[in-house]
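Structure, as structure tokens:
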Amino acid sequence: MAEPKIAVYPGTFDPITYGHLDLIKRALRLFDRLIVAIGENPAKKPLFTMKERKEMVIESLKELKDRDGERVIVESFSGLLVDFAEAHGACAIVRGLRAVSDFEYEFQMALMNRKLNRRIDTVFLMPGFRWIYISSTIIKEAALFGGDISGLVPPIVEQKLKEKYVLQY
Ligand code: PNS
């Protein structure tokens, strides 16, 4: 039997949005298994701890159909992404591309990752149009000022954002 095709879907997931979930569903059509890998982006200071981000991802994945849910695992990682991917037998890194503005950073990261490990390729997927304009950053900003973010993030994320911002005021 052929080896299962494993991909890693890395990100800060601070917090996970329906845009991320859409990408996860798309990646599951292409790969046998998917590892959602929660990492640290040195350029960002996350609102949620790693533990909180991981809990929200796991809870959000309960929305997936059983068959799909069984093919996804959630892990946190530190260090180089390609080392994590290699250690888990992945052949690809999945990243979402929403707009031209994402491209430069994504292209640079994909090429650096390829330089670091030539056995792992980056695959870019576009989210559905409904999710093109959302990002974790814009969701946090809307939530901070009391904006309605329902329908853009899973219920657990909406709840955790409310708790976080109420506690901060
Ligand atoms: O959701 P993000 O913030 O765009 O995700 C970025 C992330 C965590 C995938 C990226 O910063 C990352 O891979 N960090 C680990 C260190 C690494 O391998 N960086 C890329 C090559 S130098």
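The chains in the structure tokens are called A, B, ... from first to last as shown; in each chain the residues are counted from 1, and the ligands are counted from 1 in the order shown.
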
What are the DSSP helix (DSSP H, G or I) residues of range 59-144 of chain A, as JSON, numbers by chain?
-> {"A": [59, 60, 61, 62, 63, 66, 67, 68, 69, 81, 82, 83, 84, 85, 86, 87, 100, 101, 102, 103, 104, 105, 106, 107, 108, 109, 110, 111, 112, 113, 114, 115, 116, 129, 130, 131, 136, 137, 138, 139, 140, 141, 142, 143, 144]}

Expected answer as a ChimeraX atom specification: residues within 10 Å of ligand 1, only C-alpha atoms and all ligand atoms = /A:8-16,20,37-46,76-85,93-96,102,105-106,108-116,135-137

Any chance you could list, as a list in words, the residues in range 50-162 of chain A that come up strand (DSSP E) when DSSP is run on the backbone?
->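 Assigned to strand (DSSP E), within range 50-162 of chain A: Val72, Ile73, Val74, Glu75, Ser76, Ala92, Ile93, Val94, Arg95, Gly96, Asp121, Thr122, Val123, Phe124 and Leu125 of chain A.
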
May I have the selected residues written with C-alpha atoms, as a PDB file, in the first residue's frame?
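File written: out_11.pdb
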```pdb
ATOM      1  CA  VAL A  72      -6.331  15.588  11.683  1.00  0.00           C
ATOM      2  CA  ILE A  73      -4.099  15.945  14.699  1.00  0.00           C
ATOM      3  CA  VAL A  74      -3.152  19.090  16.576  1.00  0.00           C
ATOM      4  CA  GLU A  75       0.372  19.670  17.880  1.00  0.00           C
ATOM      5  CA  SER A  76       2.357  22.591  19.177  1.00  0.00           C
ATOM      6  CA  ALA A  92       4.232  19.260   2.405  1.00  0.00           C
ATOM      7  CA  ILE A  93       3.496  22.455   4.283  1.00  0.00           C
ATOM      8  CA  VAL A  94       0.062  23.959   3.633  1.00  0.00           C
ATOM      9  CA  ARG A  95      -0.403  27.729   3.795  1.00  0.00           C
ATOM     10  CA  GLY A  96      -3.371  29.913   2.952  1.00  0.00           C
ATOM     11  CA  ASP A 121       7.277  21.559  -0.521  1.00  0.00           C
ATOM     12  CA  THR A 122       4.879  24.353   0.339  1.00  0.00           C
ATOM     13  CA  VAL A 123       1.376  24.137  -1.089  1.00  0.00           C
ATOM     14  CA  PHE A 124      -0.753  27.302  -1.172  1.00  0.00           C
ATOM     15  CA  LEU A 125      -4.516  27.039  -0.928  1.00  0.00           C
TER      16      LEU A 125
END
```

At what distance in Å, to one decimal, does CA of Phe31 in chain A lie from CA of Gly128 in chain A?
->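 The value is 18.4 Å.
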
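Reported to one decimal place, the separation of CA of Met126 in chain A from CA of Arg98 in chain A is 6.0 Å.
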
For each of A:Ala99, A:Ala7, A:Ala2, A:Leu144, take the minimum atom-to-atom distance to Glu163 in chain A, counting only C-alpha atoms, then give the residue where this is smallest.
->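 Between A:Ala99, A:Ala7, A:Ala2, A:Leu144, the residue approaching Glu163 in chain A most closely is A:Leu144.
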
Pick from A:Lys162, A:Arg118, A:Lys51, A:Lys5: nearest to Ile139 in chain A, with only C-alpha atoms counted?
-> A:Lys162

Counting only C-alpha atoms, the option among A:Ile6, A:Val157, A:Arg67, A:Arg53 closest to Ala27 in chain A |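 Selected residue with least distance to Ala27 in chain A: A:Ile6.
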
Pick out the residues sitting within 12 Å of Gly151 in chain A, and hand them over as a PyMOL selection string; count only C-alpha atoms, and ignore anything fewer than 2 positions along from it in its own chain.
-> chain A and resi 17-19+130-131+134+139+148-149+153-158

Residues near Ser101 in chain A, cut-off 12 Å, only C-alpha atoms, skip fewer than 6 positions along chain, as JSON, numbers by chain = {"A": [107, 132, 133]}

Please indicate the distance in Å from CA of Glu59 in chain A to CA of Ile120 in chain A, rounded to one decimal place.
-> 28.7 Å
